[in-house]
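Contents: one structure, followed by commentary.
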Amino acid sequence: MSVILEIDKLSKRYGSIQAVDRLSLQIEEGSIYGLLGPNGSGKTTTLGMVLDVIRPSSGSFSWFGQPVSRSTKHRLGALLETPNFYPYLTAQRNLEITADIKGADKKQIAHVLHTVGLSHRTHTTFKGFSLGMKQRLALAAALLNNPEVLVLDEPTNGLDPEGIAEVRELILRIAAEGKTIILASHLLDEVEKVCTHVAVLQKGVLRAEGPVSTILSAKDQLIISAENTVRLLEVLKQLPFVESYQPERDLVHLTLQEGYGAAEVNKAMFEAGVVLQQLTLRRKSLEAQFLEIIKQQA
Ligand SMILES: Nc1ncnc2c1ncn2[C@@H]1O[C@H](COP(=O)(O)OP(=O)(O)OP(=O)(O)O)[C@@H](O)[C@H]1O
């Protein structure tokens with residue numbers, strides 16, 4: 001997989017505020033990459049810098065292995081804020097205006113309206129659109145030029161639950177067509193549902209980064225029990241891959257070293273003559289980890 005965006009020690013300072021602090025990360029082709037952080041954590045500033053609308057204080061980045069240029073920008077579509085569409089013009093007319101501004105081919109309009117599921121609204125005026133439809137039209141505008149990468153800042157902000165579901169589903173559909181997506185969000189739930197990779201930002205500093213599934217499973221907990229808890233604990237004590245364990249009533253909570261799972265515990269117990277009555281995997285949610293990360297830094 002090739003690297004689409006490489007960010008190297010990128011920083012932005014506004015007076016005394018360090019909005020982004022030596023941020024380094026790599027985004028690979030085909031990923032749905034979430035920049036996750038609370039309000040003010042530097043997500044918008046980061047997107048602004050890599051889109052070349054905010055000047056970095058220091059550091060660098062490259063798109064497709066090249067410094068930013070007209071030709072690299074042509075390969076990107078961005079949605080930083082909801083565009084101002086004309087309420088009394090149709091979807092078609094609004095996109096014609098956007099195409100003129102972007103220098104995009106108007107023949108693309110039918111295709112992008114189809115992609116966002118608005119073909120049947122081509123000739124409907126914008127003012128009658130639901131919130132979700134308005135945002136889908138904004139995504140259609142970002143898709144003119146057939147960009148390889150779509151950069152979205154809080155794409156579901158301000159939408160009702162129906163609109164949120166529509167837009168998330170659409171993002172997954174666009175990604176399935178082979179586009180790389182970079183999205184900023186303050187919603188853990190959104191990143192968990194939509195993204196393949198995540199970078200957690202807090203006060204401009206990168207706190208955690210990696211595939212959503214790895215971050216999710218990094219600190220899984222196993223909950224086990226056996227008829228003879230004393231014997232269970234004796235065996236546990238001797239297992240080299242058990243990182244920590246804590247008895248709670250007749251259950252034992254444990255975490256394992258990386259690369260080990262429930263199967264190894266089950267096998268070791270069985271070999272030691274302990275029959276497990278319960279073996280449950282409890283995945284630590286990204287939310288719980290995120291809150292822990294934030295707490296540690298407070
Ligand atoms: N033009 C500016 N001048 C001064 N400070 C700014 C400016 N833009 C952003 N900041 C500050 O930089 C920090 C990061 O802001 P940024 O908007 O990048 O965060 P964010 O994570 O996108 O948050 P939000 O979701 O609220 O936009 C904040 O403390 C913000 O107040």
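Identifiers for the structure tokens are assigned positionally: chains receive A, B, ... in sequence, residues are indexed from 1 per chain, and ligands are indexed from 1 in the order shown.
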Nearby polymer residues, ligand 1, at most 6 Å, only C-alpha atoms and all ligand atoms, as number ranges by chain: A: 14, 19, 37-45
Using only C-alpha atoms, which residues sit within 8 Å of A:Ala199 once same-chain residues fewer than 5 positions away are excluded, as a PyMOL selection string? chain A and resi 33-36+206-210
Which residue of A:Ala165, A:Val50, A:Ser2, A:Asn145 approaches A:Gly103 most closely, using only C-alpha atoms: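 Under the stated criterion, the closest residue is A:Asn145.
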Report as a list in words all protein, DNA and RNA residues lying within 12 Å of A:Asn146, evaluated on only C-alpha atoms, omitting residues in the same chain fewer than 5 positions from it. Lys73, His74, Arg75, Leu76, Gly77, Ala78, Ala99, Lys102, Ala104, Asp105, Lys106, Lys107, Gln108, Ile109, His111, Val112, Thr115, Leu139, Ala140, Ala141, Ile174, Glu177, Gly178, Lys179 and Thr180 of chain A
From the set A:Ser31, A:Gln18, A:Asn157, A:Gln278, which residue has the shortest atom-to-atom contact distance to A:Ile181, counting only C-alpha atoms? A:Ser31
Hey, what's within 8 Å of stretch 123-131 of chain A if we count only C-alpha atoms and toss same-chain stuff fewer than 4 positions away? As a PyMOL selection string, please? chain A and resi 85-92+135+159-160+163
Given the selection you just returned, output its residues as a file containing C-alpha atoms, formatted as a compact mmCIF listing (two decimals), in the first residue's frame.
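Done, and the output landed in selection12.txt:
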# COMPACT_ATOMS: atom_id res chain seq x y z
CA PHE A 85 -25.33 26.52 -1.89
CA TYR A 86 -27.97 28.76 -3.41
CA PRO A 87 -31.32 27.83 -1.82
CA TYR A 88 -33.46 28.62 -4.88
CA LEU A 89 -31.28 26.77 -7.37
CA THR A 90 -31.49 23.06 -8.10
CA ALA A 91 -28.86 20.49 -7.14
CA GLN A 92 -27.73 20.45 -10.78
CA GLN A 135 -24.50 17.36 3.40
CA LEU A 159 -27.10 16.58 11.42
CA ASP A 160 -30.09 14.74 12.87
CA GLY A 163 -28.70 12.50 8.40
Based on DSSP run over this structure's backbone, return all residues of stretch 109-257 of chain A in strand (DSSP E), as number ranges by chain. A: 149-153, 180-185, 197-202, 205-211, 221-226, 242-248, 251-256
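If only C-alpha atoms are the atoms counted, then among A:Leu23, A:Leu150, A:Val116, A:Ala142 the closest residue to A:Ile4 is A:Leu150.
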Quick check for you: according to DSSP on this backbone, which residues of stretch 71-169 of chain A are classed as alpha helix (DSSP H)? Reply as a PyMOL selection string. chain A and resi 71-73+91-102+108-115+131-143+161-169
When you look at A:Asn266 with a cut-off of 12 Å (counting only C-alpha atoms), what residues show up, excluding the ones that are within fewer than 4 positions of it in the same chain? I need them as an MDAnalysis selection string. chainID A and resid 222:226 232 235:236 239 260:262 270:280
Take the residues just selected and output them with N, CA and C atoms as a PDB file, in the first residue's frame.
ATOM      1  N   LEU A 222      -9.747 -10.448  29.654  1.00  0.00           N
ATOM      2  CA  LEU A 222     -10.422 -11.749  29.696  1.00  0.00           C
ATOM      3  C   LEU A 222     -11.027 -11.901  31.083  1.00  0.00           C
ATOM      4  N   ILE A 223     -12.214 -12.472  31.118  1.00  0.00           N
ATOM      5  CA  ILE A 223     -12.820 -12.759  32.417  1.00  0.00           C
ATOM      6  C   ILE A 223     -13.000 -14.269  32.489  1.00  0.00           C
ATOM      7  N   ILE A 224     -12.390 -14.876  33.504  1.00  0.00           N
ATOM      8  CA  ILE A 224     -12.476 -16.338  33.602  1.00  0.00           C
ATOM      9  C   ILE A 224     -12.934 -16.764  34.995  1.00  0.00           C
ATOM     10  N   SER A 225     -13.457 -17.969  35.069  1.00  0.00           N
ATOM     11  CA  SER A 225     -13.775 -18.537  36.385  1.00  0.00           C
ATOM     12  C   SER A 225     -13.648 -20.047  36.299  1.00  0.00           C
ATOM     13  N   ALA A 226     -13.429 -20.656  37.466  1.00  0.00           N
ATOM     14  CA  ALA A 226     -13.373 -22.128  37.550  1.00  0.00           C
ATOM     15  C   ALA A 226     -13.955 -22.508  38.908  1.00  0.00           C
ATOM     16  N   LEU A 232      -7.062 -22.050  40.266  1.00  0.00           N
ATOM     17  CA  LEU A 232      -7.042 -21.195  39.066  1.00  0.00           C
ATOM     18  C   LEU A 232      -5.982 -20.104  39.217  1.00  0.00           C
ATOM     19  N   VAL A 235      -2.350 -21.421  38.980  1.00  0.00           N
ATOM     20  CA  VAL A 235      -1.917 -21.655  37.595  1.00  0.00           C
ATOM     21  C   VAL A 235      -1.649 -20.318  36.902  1.00  0.00           C
ATOM     22  N   LEU A 236      -2.556 -19.377  37.110  1.00  0.00           N
ATOM     23  CA  LEU A 236      -2.415 -18.055  36.466  1.00  0.00           C
ATOM     24  C   LEU A 236      -1.071 -17.419  36.803  1.00  0.00           C
ATOM     25  N   LEU A 239       1.731 -18.512  34.545  1.00  0.00           N
ATOM     26  CA  LEU A 239       1.671 -18.345  33.084  1.00  0.00           C
ATOM     27  C   LEU A 239       2.455 -17.099  32.676  1.00  0.00           C
ATOM     28  N   TYR A 260      -1.171 -12.877  22.575  1.00  0.00           N
ATOM     29  CA  TYR A 260      -1.836 -13.996  23.254  1.00  0.00           C
ATOM     30  C   TYR A 260      -3.328 -13.716  23.385  1.00  0.00           C
ATOM     31  N   GLY A 261      -4.109 -14.794  23.411  1.00  0.00           N
ATOM     32  CA  GLY A 261      -5.560 -14.628  23.491  1.00  0.00           C
ATOM     33  C   GLY A 261      -6.205 -15.678  24.354  1.00  0.00           C
ATOM     34  N   ALA A 262      -7.533 -15.728  24.245  1.00  0.00           N
ATOM     35  CA  ALA A 262      -8.328 -16.635  25.067  1.00  0.00           C
ATOM     36  C   ALA A 262      -7.910 -18.094  24.862  1.00  0.00           C
ATOM     37  N   PHE A 270      -6.430 -26.041  30.778  1.00  0.00           N
ATOM     38  CA  PHE A 270      -6.841 -27.427  30.528  1.00  0.00           C
ATOM     39  C   PHE A 270      -5.669 -28.375  30.818  1.00  0.00           C
ATOM     40  N   GLU A 271      -4.473 -27.968  30.367  1.00  0.00           N
ATOM     41  CA  GLU A 271      -3.283 -28.795  30.588  1.00  0.00           C
ATOM     42  C   GLU A 271      -2.933 -28.905  32.070  1.00  0.00           C
ATOM     43  N   ALA A 272      -3.302 -27.870  32.827  1.00  0.00           N
ATOM     44  CA  ALA A 272      -3.024 -27.890  34.264  1.00  0.00           C
ATOM     45  C   ALA A 272      -4.174 -28.542  35.049  1.00  0.00           C
ATOM     46  N   GLY A 273      -5.132 -29.063  34.320  1.00  0.00           N
ATOM     47  CA  GLY A 273      -6.240 -29.772  34.949  1.00  0.00           C
ATOM     48  C   GLY A 273      -7.332 -28.860  35.508  1.00  0.00           C
ATOM     49  N   VAL A 274      -7.339 -27.610  35.066  1.00  0.00           N
ATOM     50  CA  VAL A 274      -8.392 -26.687  35.532  1.00  0.00           C
ATOM     51  C   VAL A 274      -9.411 -26.507  34.409  1.00  0.00           C
ATOM     52  N   VAL A 275     -10.656 -26.828  34.695  1.00  0.00           N
ATOM     53  CA  VAL A 275     -11.699 -26.668  33.680  1.00  0.00           C
ATOM     54  C   VAL A 275     -12.370 -25.314  33.900  1.00  0.00           C
ATOM     55  N   LEU A 276     -12.297 -24.478  32.887  1.00  0.00           N
ATOM     56  CA  LEU A 276     -12.897 -23.144  33.024  1.00  0.00           C
ATOM     57  C   LEU A 276     -14.415 -23.223  32.902  1.00  0.00           C
ATOM     58  N   GLN A 277     -15.072 -22.521  33.799  1.00  0.00           N
ATOM     59  CA  GLN A 277     -16.539 -22.444  33.719  1.00  0.00           C
ATOM     60  C   GLN A 277     -16.957 -21.253  32.860  1.00  0.00           C
ATOM     61  N   GLN A 278     -16.085 -20.273  32.846  1.00  0.00           N
ATOM     62  CA  GLN A 278     -16.396 -19.071  32.063  1.00  0.00           C
ATOM     63  C   GLN A 278     -15.126 -18.541  31.425  1.00  0.00           C
ATOM     64  N   LEU A 279     -15.255 -18.097  30.207  1.00  0.00           N
ATOM     65  CA  LEU A 279     -14.125 -17.489  29.498  1.00  0.00           C
ATOM     66  C   LEU A 279     -14.731 -16.432  28.576  1.00  0.00           C
ATOM     67  N   THR A 280     -14.647 -15.179  29.022  1.00  0.00           N
ATOM     68  CA  THR A 280     -15.290 -14.104  28.267  1.00  0.00           C
ATOM     69  C   THR A 280     -14.261 -13.056  27.877  1.00  0.00           C
TER      70      THR A 280
END
